[in-house]
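Q: Sharing data00.cif below, mmCIF, C-alpha atoms:
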```
data_entry
#
loop_
_atom_site.label_atom_id
_atom_site.label_comp_id
_atom_site.auth_asym_id
_atom_site.auth_seq_id
_atom_site.Cartn_x
_atom_site.Cartn_y
_atom_site.Cartn_z
CA MET E 1 10.59 1.86 -33.55
CA MET E 2 9.73 5.42 -32.56
CA ARG E 3 8.54 4.06 -29.24
CA LYS E 4 11.79 2.24 -28.53
CA VAL E 5 13.84 5.36 -29.30
CA LEU E 6 11.68 7.43 -26.97
CA VAL E 7 11.98 4.86 -24.18
CA VAL E 8 15.77 4.77 -24.54
CA LEU E 9 15.88 8.58 -24.53
CA ALA E 10 13.74 8.79 -21.39
CA VAL E 11 15.86 6.21 -19.55
CA LEU E 12 19.09 7.93 -20.63
CA GLY E 13 17.78 11.32 -19.54
CA PHE E 14 16.84 9.94 -16.16
CA ALA E 15 20.25 8.31 -15.84
CA LEU E 16 21.87 11.66 -16.58
CA ALA E 17 19.73 13.30 -13.92
CA LEU E 18 20.66 10.65 -11.35
CA LEU E 19 24.40 10.67 -12.13
CA PRO E 20 25.29 13.70 -9.97
CA LEU E 21 23.40 12.11 -7.06
CA ALA E 22 25.58 9.00 -7.25
CA TYR E 23 28.60 11.24 -6.71
CA GLU E 24 27.20 13.76 -4.25
CA ALA E 25 24.95 11.64 -2.01
CA GLY E 26 26.35 11.24 1.47
CA VAL E 27 29.29 13.61 1.08
CA ALA E 28 27.80 16.22 3.43
CA GLY E 29 29.88 16.49 6.58
CA LYS E 30 26.97 17.26 8.88
CA PRO E 31 23.17 17.18 8.79
CA GLY E 32 21.27 20.24 7.59
CA ASP E 33 19.84 22.86 9.95
CA LEU E 34 16.42 21.23 10.23
CA ALA E 35 17.88 17.77 10.90
CA SER E 36 20.30 19.21 13.45
CA ALA E 37 17.43 20.92 15.24
CA TYR E 38 15.48 17.62 15.32
CA LEU E 39 18.52 15.72 16.65
CA ASP E 40 19.18 18.37 19.24
CA ARG E 41 15.65 18.96 20.44
CA SER E 42 13.77 15.66 20.22
CA PRO E 43 15.49 14.18 23.33
CA LYS E 44 14.79 17.39 25.27
CA ASP E 45 11.28 18.00 23.95
CA PHE E 46 9.81 14.50 24.03
CA ALA E 47 12.45 12.20 25.68
CA ALA E 48 12.16 9.95 22.60
CA ALA E 49 15.28 7.83 22.09
CA ASN E 50 14.44 7.16 18.43
CA VAL E 51 14.66 10.51 16.62
CA VAL E 52 13.01 9.14 13.46
CA THR E 53 9.96 8.15 15.52
CA ALA E 54 9.84 11.60 17.11
CA ILE E 55 9.82 13.16 13.61
CA VAL E 56 7.22 10.77 12.18
CA VAL E 57 4.80 10.84 15.11
CA SER E 58 5.10 14.37 16.48
CA TYR E 59 7.07 16.91 14.40
CA ARG E 60 5.49 15.58 11.21
CA GLY E 61 2.51 13.96 12.95
CA PHE E 62 -0.10 15.56 10.74
CA ASP E 63 1.61 14.02 7.72
CA THR E 64 1.42 10.58 9.33
CA LEU E 65 -2.30 11.06 10.04
CA GLY E 66 -2.76 11.79 6.34
CA GLU E 67 -0.67 8.75 5.45
CA VAL E 68 -2.90 6.51 7.57
CA ALA E 69 -5.90 8.06 5.78
CA VAL E 70 -4.32 7.25 2.38
CA LEU E 71 -3.76 3.67 3.50
CA PHE E 72 -7.40 3.47 4.56
CA ALA E 73 -8.56 4.82 1.19
CA ALA E 74 -6.42 2.27 -0.67
CA THR E 75 -7.78 -0.55 1.50
CA ALA E 76 -11.35 0.58 0.80
CA GLY E 77 -10.55 0.70 -2.93
CA VAL E 78 -9.08 -2.80 -2.98
CA GLY E 79 -12.00 -4.12 -0.96
CA ALA E 80 -14.55 -2.53 -3.29
CA LEU E 81 -12.82 -3.73 -6.47
CA LEU E 82 -12.25 -7.36 -5.57
CA THR E 83 -15.59 -8.70 -4.38
CA ARG E 84 -17.01 -12.00 -5.63
CA LYS E 85 -19.93 -10.18 -7.25
CA ARG E 86 -17.68 -7.93 -9.32
CA MET E 87 -15.15 -10.62 -10.17
CA GLY E 88 -17.87 -12.76 -11.70
CA PRO E 89 -18.45 -16.50 -11.30
CA SER E 90 -15.29 -17.48 -13.22
CA ALA E 91 -12.99 -16.12 -10.52
CA THR E 92 -14.44 -18.23 -7.73
CA GLY E 93 -14.95 -21.49 -9.62
CA GLY E 94 -11.26 -22.43 -9.57
CA LYS E 95 -10.07 -25.39 -7.58
CA ARG E 96 -8.09 -24.54 -4.47
CA THR E 97 -5.20 -26.70 -3.35
CA GLU E 98 -5.43 -27.80 0.25
CA SER E 99 -2.51 -26.75 2.41
CA THR E 100 -0.13 -29.37 3.77
CA GLU E 101 0.06 -30.68 7.32
CA ILE E 102 3.43 -28.93 7.76
CA LEU E 103 2.03 -25.50 6.87
CA ARG E 104 -1.05 -25.94 9.08
CA THR E 105 1.04 -26.98 12.10
CA ALA E 106 3.59 -24.22 11.55
CA ALA E 107 0.82 -21.64 11.19
CA GLY E 108 -0.67 -22.69 14.50
CA LEU E 109 2.68 -22.48 16.26
CA LEU E 110 3.86 -19.23 14.68
CA THR E 111 0.68 -17.10 14.80
CA GLY E 112 0.96 -16.23 18.49
CA LEU E 113 4.68 -15.53 18.22
CA LEU E 114 4.24 -13.28 15.18
CA VAL E 115 1.45 -11.24 16.76
CA MET E 116 3.52 -10.89 19.94
CA PHE E 117 6.58 -9.81 17.93
CA GLY E 118 4.50 -7.25 16.04
CA ALA E 119 3.15 -5.84 19.31
CA TYR E 120 6.71 -5.73 20.68
CA ILE E 121 7.88 -3.76 17.64
CA PHE E 122 5.18 -1.12 17.85
CA LEU E 123 5.32 -0.78 21.64
CA HIS E 124 9.08 -0.11 21.45
CA GLY E 125 8.87 2.23 18.46
CA HIS E 126 10.17 5.19 20.48
CA LEU E 127 13.18 3.23 21.81
CA THR E 128 14.41 0.92 19.04
CA PRO E 129 14.27 0.77 15.24
CA GLY E 130 10.69 -0.03 14.36
CA GLY E 131 7.27 1.38 15.08
CA GLY E 132 3.61 1.17 14.19
CA PHE E 133 3.96 0.58 10.47
CA GLN E 134 6.58 -2.14 10.83
CA GLY E 135 4.73 -3.85 13.69
CA GLY E 136 1.46 -3.71 11.74
CA VAL E 137 3.11 -5.42 8.76
CA VAL E 138 4.43 -8.20 11.04
CA ILE E 139 0.91 -8.75 12.40
CA ALA E 140 -0.41 -8.89 8.83
CA THR E 141 2.12 -11.65 8.02
CA ALA E 142 0.51 -13.75 10.78
CA VAL E 143 -2.84 -13.27 9.04
CA LEU E 144 -1.28 -14.16 5.67
CA LEU E 145 0.16 -17.37 7.13
CA ASN E 146 -3.28 -18.38 8.39
CA LEU E 147 -4.93 -17.54 5.06
CA LEU E 148 -2.37 -19.77 3.32
CA ALA E 149 -2.90 -22.58 5.83
CA ALA E 150 -6.69 -22.48 5.41
CA PRO E 151 -7.41 -21.13 1.89
CA ARG E 152 -11.19 -21.38 2.28
CA SER E 153 -11.29 -19.38 5.49
CA HIS E 154 -12.17 -15.71 5.75
CA LEU E 155 -11.16 -12.89 8.00
CA ALA E 156 -13.73 -11.93 10.64
CA HIS E 157 -14.82 -8.81 8.82
CA GLY E 158 -16.65 -7.26 11.74
CA ALA E 159 -13.68 -7.61 14.07
CA VAL E 160 -11.28 -6.06 11.52
CA THR E 161 -13.64 -3.13 10.96
CA VAL E 162 -14.00 -2.55 14.71
CA VAL E 163 -10.20 -2.63 15.31
CA GLU E 164 -9.55 -0.35 12.34
CA SER E 165 -12.15 2.30 13.12
CA LEU E 166 -11.51 2.28 16.88
CA SER E 167 -7.76 2.71 16.46
CA GLY E 168 -8.33 5.52 13.94
CA ALA E 169 -10.66 7.26 16.39
CA VAL E 170 -8.19 6.82 19.26
CA TYR E 171 -5.41 8.29 17.09
CA VAL E 172 -7.44 11.46 16.46
CA ALA E 173 -8.54 11.57 20.12
CA LEU E 174 -4.90 11.44 21.27
CA GLY E 175 -4.17 14.24 18.83
CA LEU E 176 -7.01 16.33 20.28
CA LEU E 177 -5.75 15.56 23.79
CA GLY E 178 -2.57 17.35 22.75
CA ILE E 179 -4.60 20.52 22.10
CA TYR E 180 -6.20 20.47 25.56
CA LEU E 181 -3.28 19.29 27.71
CA ALA E 182 -0.26 20.46 25.70
CA ARG E 183 0.53 22.99 22.98
CA GLY E 184 -1.10 21.64 19.86
CA PHE E 185 -2.67 18.89 17.79
CA LEU E 186 -0.72 15.61 18.18
CA ASP E 187 1.63 17.13 20.75
CA PRO E 188 2.91 14.07 22.70
CA ARG E 189 3.44 16.12 25.87
CA ALA E 190 -0.20 15.54 26.85
CA LEU E 191 1.23 12.81 29.11
CA PRO E 192 4.39 13.14 31.24
CA ILE E 193 7.42 12.60 28.99
CA GLY E 194 9.43 10.61 31.54
CA LYS E 195 13.05 9.58 31.20
CA ILE E 196 14.85 8.68 27.95
CA GLY E 197 15.04 4.91 27.43
CA ALA E 198 12.11 3.89 29.66
CA LEU E 199 9.16 2.07 28.11
CA ALA E 200 6.74 4.60 29.62
CA SER E 201 8.46 7.67 28.17
CA ALA E 202 7.99 10.12 25.28
CA GLY E 203 4.45 11.10 26.31
CA THR E 204 1.75 9.82 23.95
CA ILE E 205 4.20 8.62 21.26
CA PRO E 206 4.04 4.91 22.26
CA LEU E 207 0.24 5.08 22.47
CA ILE E 208 -0.06 6.74 19.06
CA TYR E 209 2.35 4.23 17.50
CA SER E 210 0.41 1.34 19.08
CA VAL E 211 -2.90 2.45 17.55
CA ILE E 212 -1.11 3.01 14.22
CA GLY E 213 0.25 -0.54 14.51
CA LEU E 214 -3.23 -1.99 15.13
CA LYS E 215 -4.73 0.07 12.31
CA VAL E 216 -2.03 -0.84 9.78
CA GLY E 217 -2.24 -4.52 10.81
CA ALA E 218 -6.02 -4.54 10.36
CA GLU E 219 -5.86 -2.71 7.02
CA LEU E 220 -3.16 -4.90 5.53
CA SER E 221 -5.03 -8.00 6.72
CA ALA E 222 -8.14 -6.70 4.95
CA ILE E 223 -6.09 -6.13 1.76
CA LEU E 224 -4.71 -9.69 1.93
CA ASP E 225 -8.18 -11.12 2.44
CA ALA E 226 -9.56 -9.06 -0.47
CA LEU E 227 -6.72 -10.11 -2.80
CA LYS E 228 -7.90 -13.73 -2.47
CA GLY E 229 -10.80 -12.56 -4.64
CA ASP E 230 -13.61 -14.64 -3.15
CA ARG E 231 -15.05 -12.22 -0.63
CA GLU E 232 -18.79 -11.67 -0.58
CA MET P 25 42.18 12.06 -12.28
CA ASN P 26 42.15 8.46 -13.38
CA ILE P 27 39.12 6.28 -13.80
CA LEU P 28 39.59 4.26 -10.60
CA GLU P 29 39.57 7.38 -8.50
CA LEU P 30 36.42 8.55 -10.27
CA LEU P 31 34.70 5.22 -9.55
CA GLY P 32 35.83 5.31 -5.94
CA ARG P 33 33.95 8.54 -5.32
CA ILE P 34 30.61 6.97 -6.28
CA ASN P 35 28.27 6.37 -3.36
CA PRO P 36 27.43 2.62 -3.74
CA VAL P 37 23.92 2.89 -2.27
CA ALA P 38 22.96 5.86 -4.44
CA ALA P 39 24.46 4.21 -7.53
CA SER P 40 22.63 0.90 -7.03
CA GLY P 41 19.44 2.77 -6.18
CA SER P 42 19.77 4.75 -9.42
CA VAL P 43 20.18 1.52 -11.40
CA VAL P 44 17.04 0.08 -9.76
CA VAL P 45 15.13 3.30 -10.62
CA LEU P 46 16.21 3.01 -14.26
CA VAL P 47 15.20 -0.68 -14.43
CA GLY P 48 11.79 0.25 -13.02
CA LEU P 49 11.40 3.17 -15.45
CA TRP P 50 12.23 0.92 -18.39
CA GLY P 51 9.71 -1.64 -17.13
CA VAL P 52 6.96 0.98 -16.84
CA LEU P 53 7.62 2.40 -20.32
CA ALA P 54 8.49 -0.67 -22.37
CA ARG P 55 6.54 -3.65 -20.99
CA PRO P 56 3.04 -4.27 -22.33
CA ASN P 57 1.92 -6.57 -19.50
CA LEU P 58 -0.08 -4.66 -16.88
CA PHE P 59 1.07 -6.88 -14.01
CA LYS P 60 4.68 -6.21 -14.98
CA ILE P 61 4.01 -2.45 -15.14
CA ALA P 62 2.61 -2.53 -11.59
CA ILE P 63 5.64 -4.48 -10.36
CA ALA P 64 7.95 -2.09 -12.25
CA PHE P 65 6.40 0.83 -10.34
CA SER P 66 7.15 -1.04 -7.13
CA ILE P 67 10.77 -1.63 -8.23
CA MET P 68 11.16 2.04 -9.14
CA GLU P 69 9.87 3.03 -5.69
CA THR P 70 12.47 0.81 -4.05
CA GLY P 71 15.20 2.53 -6.05
CA VAL P 72 13.91 6.00 -5.17
CA ASN P 73 13.86 5.02 -1.49
CA LEU P 74 17.47 3.83 -1.69
CA VAL P 75 18.56 7.09 -3.33
CA ILE P 76 16.75 9.23 -0.71
CA LEU P 77 18.29 7.19 2.12
CA SER P 78 21.79 7.51 0.67
CA VAL P 79 21.41 11.31 0.54
CA GLY P 80 20.94 11.42 4.33
CA TYR P 81 23.83 9.09 5.12
CA ILE P 82 26.92 10.67 6.66
CA ARG P 83 30.09 8.60 6.63
CA GLY P 84 31.24 7.39 10.06
CA ARG P 85 28.10 8.36 11.96
CA THR P 86 25.55 6.15 13.76
CA ALA P 87 21.79 5.66 13.35
CA PRO P 88 19.66 8.45 14.88
CA ILE P 89 18.73 6.48 17.99
CA LEU P 90 19.97 7.55 21.41
CA ASP P 91 21.72 4.85 23.44
CA SER P 92 24.96 4.37 25.35
CA ALA P 93 27.00 5.12 22.21
CA ALA P 94 25.32 8.47 21.52
CA ASP P 95 23.61 10.52 24.22
CA ALA P 96 21.55 13.69 23.89
CA GLU P 97 24.55 16.05 24.14
CA THR P 98 26.61 14.49 21.34
CA ALA P 99 23.65 13.58 19.08
CA VAL P 100 24.21 16.39 16.58
CA ARG P 101 27.87 15.45 16.11
CA THR P 102 27.54 11.63 15.94
CA MET P 103 24.28 10.86 14.12
CA THR P 104 23.18 10.70 10.49
CA ASP P 105 20.39 12.83 9.04
CA PRO P 106 17.02 11.50 10.33
CA VAL P 107 14.77 13.44 7.94
CA PRO P 108 15.28 11.26 4.81
CA GLN P 109 14.70 8.16 6.93
CA ALA P 110 11.36 9.53 8.16
CA LEU P 111 10.39 10.45 4.58
CA VAL P 112 11.26 6.96 3.30
CA LEU P 113 9.22 5.37 6.10
CA THR P 114 6.21 7.30 4.79
CA ALA P 115 7.03 6.50 1.16
CA ILE P 116 7.26 2.74 1.77
CA VAL P 117 3.79 2.55 3.32
CA ILE P 118 2.17 4.68 0.63
CA GLY P 119 3.99 2.64 -2.02
CA LEU P 120 2.59 -0.57 -0.60
CA ALA P 121 -0.97 0.80 -0.64
CA VAL P 122 -0.60 2.10 -4.20
CA THR P 123 0.84 -1.22 -5.42
CA ALA P 124 -2.06 -3.15 -3.88
CA LEU P 125 -4.57 -0.79 -5.53
CA MET P 126 -2.80 -1.00 -8.92
CA LEU P 127 -2.74 -4.80 -8.79
CA SER P 128 -6.43 -4.99 -7.96
CA TYR P 129 -7.27 -2.76 -10.92
CA VAL P 130 -5.24 -5.09 -13.11
CA VAL P 131 -6.99 -8.17 -11.72
CA ARG P 132 -10.37 -6.54 -12.42
CA LEU P 133 -9.32 -5.64 -15.97
CA LYS P 134 -8.13 -9.18 -16.53
CA THR P 135 -11.32 -10.80 -15.26
CA ALA P 136 -13.43 -8.36 -17.30
CA GLY P 137 -11.47 -8.32 -20.56
CA GLY P 138 -9.55 -11.54 -20.25
CA CYS P 139 -6.21 -10.04 -21.27
CA SER P 140 -3.44 -8.49 -19.21
CA SER P 141 -1.72 -6.68 -22.08
CA VAL P 142 -2.10 -2.93 -22.38
CA GLU P 143 -2.49 -3.07 -26.16
CA ALA P 144 -5.55 -5.32 -25.82
CA HIS P 145 -7.44 -2.49 -24.10
CA GLY P 146 -7.58 -0.11 -27.04
CA ASP P 147 -5.38 2.94 -27.46
CA GLU P 148 -4.32 3.43 -23.86
CA LYS P 149 -0.64 3.11 -24.70
CA TRP P 150 1.23 4.97 -27.49
#
```
What do you get writing this file as structure tokens?
A:
Amino acid sequence: MMRKVLVVLAVLGFALALLPLAYEAGVAGKPGDLASAYLDRSPKDFAAANVVTAIVVSYRGFDTLGEVAVLFAATAGVGALLTRKRMGPSATGGKRTESTEILRTAAGLLTGLLVMFGAYIFLHGHLTPGGGFQGGVVIATAVLLNLLAAPRSHLAHGAVTVVESLSGAVYVALGLLGIYLARGFLDPRALPIGKIGALASAGTIPLIYSVIGLKVGAELSAILDALKGDRE
Amino acid sequence: MNILELLGRINPVAASGSVVVLVGLWGVLARPNLFKIAIAFSIMETGVNLVILSVGYIRGRTAPILDSAADAETAVRTMTDPVPQALVLTAIVIGLAVTALMLSYVVRLKTAGGCSSVEAHGDEKW
């Protein structure tokens, strides 16, 4: 009884705290000073058409490096928790349903398209909505489709590890390149910034987002493989 | 001020996001099933993301991407706030990683103890 009252009180208190937001969100007539500076300067500084990408990859680039590290830590945690040894024999003894002909055929047809679409999304992250994280998730859906089509199969663990660690190393290397050739860590002006709207523009932003896309794709694929629960 | 006018001033995205946050909070506090608690955290995150996004929205303006409709000179006058969108992009990815980790802890607990209810694991709750 006490517990129910406390839960209701907590939910009501939170509702009261959120009520002003429902009225005041989005009534500002113009962006704040920081946002205005980003909007004003990101086309001039980096020639990046997508301002959100310019913020995520360069103005707040260090934050994104930390975010990728958090994702790596979570992947390592999931992988360590859900091995066959730790799950015990009961987890792997279950019968697995074979996938249907339709799913197997569709998986074969769609895998290439999905990987290509994911690569398209992260290569155009500085021009259109999208970027490394979104493209990586699309690539992981291709892996999920194949895991569903062949439930007994496993991800090539070595290949995933190589892609993941190489792309992480390239990310940091591109950041260090910014120190030597431009003004600071993760500064995209290490390469010529080019013209707004071109594929080869915005300095190292497309390269950084591509390695983020590969890293996120590899990590999410590893999570999906681990969640099957029958990994050695 | 009548009630219709009061309702009309509510930002629909922020209001629905707040409702989703409250549903998630209730799920976290009141459900005994660990799987449902993990999913409730995920629901709550979705609501928080909606609320943050709605804060940065400015009525009548376009997405912060330069194209033929908005060039570099007019960007400050025609675009919405990009900072909340960048923050939510980060929050979504971290939320995904945290949800996966939570769910694998629950799966381990279930295979070890055989029960997915919080109360079955001693005095962890209340």
Q: Run the PyMOL selection byres ((chain E and resi 57) around 12) mentally over the shown coordinates, then write out the matched residues as a VMD selection string, using the chain letters and numbers from the document.
A: (chain E and resid 42 46 48 50 to 56 58 to 68 125 to 126 131 to 133 171 174 to 175 185 to 188 202 to 212) or (chain P and resid 110 to 111 113 to 114)
Q: Using only C-alpha atoms, find each residue in chain E having at least one atom no more than 6 Å away from chain P; report its shortest atom-to-atom pair and that distance in Å (one decimal), rows by chain then rising number, as a tab-separated table.
A:
```
residue	atom	partner	partner_atom	distance
E:Ala22	CA	P:Ala39	CA	4.9
E:Tyr23	CA	P:Ile34	CA	4.7
E:Ala25	CA	P:Val79	CA	4.4
E:Gly26	CA	P:Tyr81	CA	4.9
E:Pro31	CA	P:Asp105	CA	5.2
E:Ala35	CA	P:Asp105	CA	5.8
E:Ser36	CA	P:Val100	CA	5.7
E:Leu39	CA	P:Val100	CA	5.7
E:Ala49	CA	P:Leu90	CA	4.7
E:Asn50	CA	P:Ile89	CA	4.4
E:Val51	CA	P:Pro88	CA	5.7
E:Val52	CA	P:Ala110	CA	5.6
E:Val56	CA	P:Ala110	CA	5.9
E:Leu71	CA	P:Ala121	CA	5.8
E:Ala74	CA	P:Ala121	CA	5.6
E:Val78	CA	P:Leu125	CA	5.6
```
Q: I need the residue set behind the PyMOL selection byres ((chain E and resi 161) around 12) for this file; please write it as a list in words.
A: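 So the PyMOL selection byres ((chain E and resi 161) around 12) ends up selecting Phe72, Thr75, Ala76, Leu155, Ala156, His157, Gly158, Ala159, Val160, Val162, Val163, Glu164, Ser165, Leu166, Ser167, Gly168, Leu214, Lys215, Val216, Gly217, Ala218, Glu219, Leu220, Ser221 and Ala222 of chain E.
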Q: Please measure the separation of atom CA of E:Ala15 and atom CA of P:Val44, giving the value in Å to one decimal.
A: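 Computing it gives 10.7 Å between the two atoms.
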Q: Neighbouring residues of E:His154 were defined as those with any atom within 12 Å, considering only C-alpha atoms; residues of the same chain fewer than 6 positions away were excluded. Please report them as a PyMOL selection string.
A: chain E and resi 143-144+146-148+160+221-222+224-232
Q: If you measure from atom CA of E:Ala119 to atom CA of E:Gly178, what distance in Å do you get, rounded to one decimal?
A: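 Computing it gives 24.1 Å between the two atoms.
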Q: Pick from P:Cys139, P:Val130, P:Ala94, P:Val72: nearest to P:Phe59, with only C-alpha atoms counted?
A: P:Val130
Q: So how far away is atom CA of E:Leu127 from atom CA of E:Gly197, in Å?
A: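 Between atom CA of E:Gly197 and atom CA of E:Leu127 the gap is 6.2 Å.
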Q: Rebuild all heavy atoms on stretch 95-104 of chain E, as a PDB file, keeping the file's coordinate frame?
A:
```pdb
ATOM      1  N   LYS E  95     -10.327 -24.435  -8.643  1.00  0.00           N
ATOM      2  CA  LYS E  95     -10.070 -25.390  -7.580  1.00  0.00           C
ATOM      3  C   LYS E  95      -8.951 -24.868  -6.692  1.00  0.00           C
ATOM      4  O   LYS E  95      -7.965 -24.335  -7.179  1.00  0.00           O
ATOM      5  CB  LYS E  95      -9.666 -26.738  -8.191  1.00  0.00           C
ATOM      6  CG  LYS E  95     -10.190 -27.917  -7.410  1.00  0.00           C
ATOM      7  CD  LYS E  95      -9.983 -29.196  -8.210  1.00  0.00           C
ATOM      8  CE  LYS E  95      -8.829 -29.956  -7.654  1.00  0.00           C
ATOM      9  NZ  LYS E  95      -7.693 -30.207  -8.398  1.00  0.00           N
ATOM     10  N   ARG E  96      -9.118 -25.003  -5.398  1.00  0.00           N
ATOM     11  CA  ARG E  96      -8.090 -24.540  -4.470  1.00  0.00           C
ATOM     12  C   ARG E  96      -7.333 -25.734  -3.927  1.00  0.00           C
ATOM     13  O   ARG E  96      -7.923 -26.710  -3.499  1.00  0.00           O
ATOM     14  CB  ARG E  96      -8.719 -23.764  -3.319  1.00  0.00           C
ATOM     15  CG  ARG E  96      -9.174 -22.390  -3.747  1.00  0.00           C
ATOM     16  CD  ARG E  96      -9.704 -21.621  -2.554  1.00  0.00           C
ATOM     17  NE  ARG E  96     -10.329 -20.405  -3.010  1.00  0.00           N
ATOM     18  CZ  ARG E  96      -9.660 -19.278  -3.221  1.00  0.00           C
ATOM     19  NH1 ARG E  96      -8.373 -19.238  -3.025  1.00  0.00           N
ATOM     20  NH2 ARG E  96     -10.289 -18.204  -3.631  1.00  0.00           N
ATOM     21  N   THR E  97      -6.016 -25.623  -3.915  1.00  0.00           N
ATOM     22  CA  THR E  97      -5.200 -26.700  -3.350  1.00  0.00           C
ATOM     23  C   THR E  97      -5.250 -26.615  -1.834  1.00  0.00           C
ATOM     24  O   THR E  97      -5.112 -25.534  -1.260  1.00  0.00           O
ATOM     25  CB  THR E  97      -3.746 -26.527  -3.809  1.00  0.00           C
ATOM     26  OG1 THR E  97      -3.746 -26.079  -5.160  1.00  0.00           O
ATOM     27  CG2 THR E  97      -2.998 -27.828  -3.694  1.00  0.00           C
ATOM     28  N   GLU E  98      -5.463 -27.763  -1.216  1.00  0.00           N
ATOM     29  CA  GLU E  98      -5.430 -27.800   0.250  1.00  0.00           C
ATOM     30  C   GLU E  98      -3.992 -27.591   0.727  1.00  0.00           C
ATOM     31  O   GLU E  98      -3.040 -28.001   0.066  1.00  0.00           O
ATOM     32  CB  GLU E  98      -5.956 -29.147   0.746  1.00  0.00           C
ATOM     33  CG  GLU E  98      -7.468 -29.275   0.681  1.00  0.00           C
ATOM     34  CD  GLU E  98      -8.168 -28.215   1.512  1.00  0.00           C
ATOM     35  OE1 GLU E  98      -7.730 -27.979   2.641  1.00  0.00           O
ATOM     36  OE2 GLU E  98      -9.134 -27.610   1.009  1.00  0.00           O
ATOM     37  N   SER E  99      -3.854 -26.959   1.887  1.00  0.00           N
ATOM     38  CA  SER E  99      -2.510 -26.750   2.410  1.00  0.00           C
ATOM     39  C   SER E  99      -2.013 -28.048   3.056  1.00  0.00           C
ATOM     40  O   SER E  99      -2.797 -28.939   3.397  1.00  0.00           O
ATOM     41  CB  SER E  99      -2.530 -25.641   3.451  1.00  0.00           C
ATOM     42  OG  SER E  99      -3.384 -25.999   4.493  1.00  0.00           O
ATOM     43  N   THR E 100      -0.705 -28.146   3.214  1.00  0.00           N
ATOM     44  CA  THR E 100      -0.130 -29.370   3.770  1.00  0.00           C
ATOM     45  C   THR E 100      -0.186 -29.350   5.290  1.00  0.00           C
ATOM     46  O   THR E 100      -0.402 -28.306   5.906  1.00  0.00           O
ATOM     47  CB  THR E 100       1.328 -29.512   3.331  1.00  0.00           C
ATOM     48  OG1 THR E 100       2.043 -28.395   3.848  1.00  0.00           O
ATOM     49  CG2 THR E 100       1.461 -29.544   1.837  1.00  0.00           C
ATOM     50  N   GLU E 101       0.030 -30.520   5.857  1.00  0.00           N
ATOM     51  CA  GLU E 101       0.060 -30.680   7.320  1.00  0.00           C
ATOM     52  C   GLU E 101       1.143 -29.775   7.930  1.00  0.00           C
ATOM     53  O   GLU E 101       0.943 -29.145   8.964  1.00  0.00           O
ATOM     54  CB  GLU E 101       0.354 -32.152   7.629  1.00  0.00           C
ATOM     55  CG  GLU E 101       0.417 -32.480   9.105  1.00  0.00           C
ATOM     56  CD  GLU E 101      -0.939 -32.392   9.765  1.00  0.00           C
ATOM     57  OE1 GLU E 101      -1.923 -32.741   9.099  1.00  0.00           O
ATOM     58  OE2 GLU E 101      -1.006 -31.964  10.931  1.00  0.00           O
ATOM     59  N   ILE E 102       2.301 -29.713   7.247  1.00  0.00           N
ATOM     60  CA  ILE E 102       3.430 -28.930   7.760  1.00  0.00           C
ATOM     61  C   ILE E 102       3.020 -27.459   7.909  1.00  0.00           C
ATOM     62  O   ILE E 102       3.240 -26.827   8.945  1.00  0.00           O
ATOM     63  CB  ILE E 102       4.641 -29.043   6.823  1.00  0.00           C
ATOM     64  CG1 ILE E 102       5.092 -30.489   6.739  1.00  0.00           C
ATOM     65  CG2 ILE E 102       5.780 -28.160   7.291  1.00  0.00           C
ATOM     66  CD1 ILE E 102       6.162 -30.717   5.701  1.00  0.00           C
ATOM     67  N   LEU E 103       2.403 -26.922   6.840  1.00  0.00           N
ATOM     68  CA  LEU E 103       2.030 -25.500   6.870  1.00  0.00           C
ATOM     69  C   LEU E 103       0.981 -25.237   7.944  1.00  0.00           C
ATOM     70  O   LEU E 103       1.071 -24.245   8.678  1.00  0.00           O
ATOM     71  CB  LEU E 103       1.499 -25.101   5.486  1.00  0.00           C
ATOM     72  CG  LEU E 103       1.120 -23.636   5.332  1.00  0.00           C
ATOM     73  CD1 LEU E 103       2.295 -22.743   5.650  1.00  0.00           C
ATOM     74  CD2 LEU E 103       0.631 -23.354   3.926  1.00  0.00           C
ATOM     75  N   ARG E 104       0.001 -26.169   8.072  1.00  0.00           N
ATOM     76  CA  ARG E 104      -1.050 -25.940   9.080  1.00  0.00           C
ATOM     77  C   ARG E 104      -0.470 -25.942  10.486  1.00  0.00           C
ATOM     78  O   ARG E 104      -0.782 -25.079  11.311  1.00  0.00           O
ATOM     79  CB  ARG E 104      -2.135 -27.016   8.939  1.00  0.00           C
ATOM     80  CG  ARG E 104      -3.096 -26.767   7.793  1.00  0.00           C
ATOM     81  CD  ARG E 104      -4.374 -27.573   7.963  1.00  0.00           C
ATOM     82  NE  ARG E 104      -4.120 -29.006   7.952  1.00  0.00           N
ATOM     83  CZ  ARG E 104      -4.088 -29.756   6.860  1.00  0.00           C
ATOM     84  NH1 ARG E 104      -4.306 -29.200   5.689  1.00  0.00           N
ATOM     85  NH2 ARG E 104      -3.841 -31.040   6.924  1.00  0.00           N
TER      86      ARG E 104
END
```
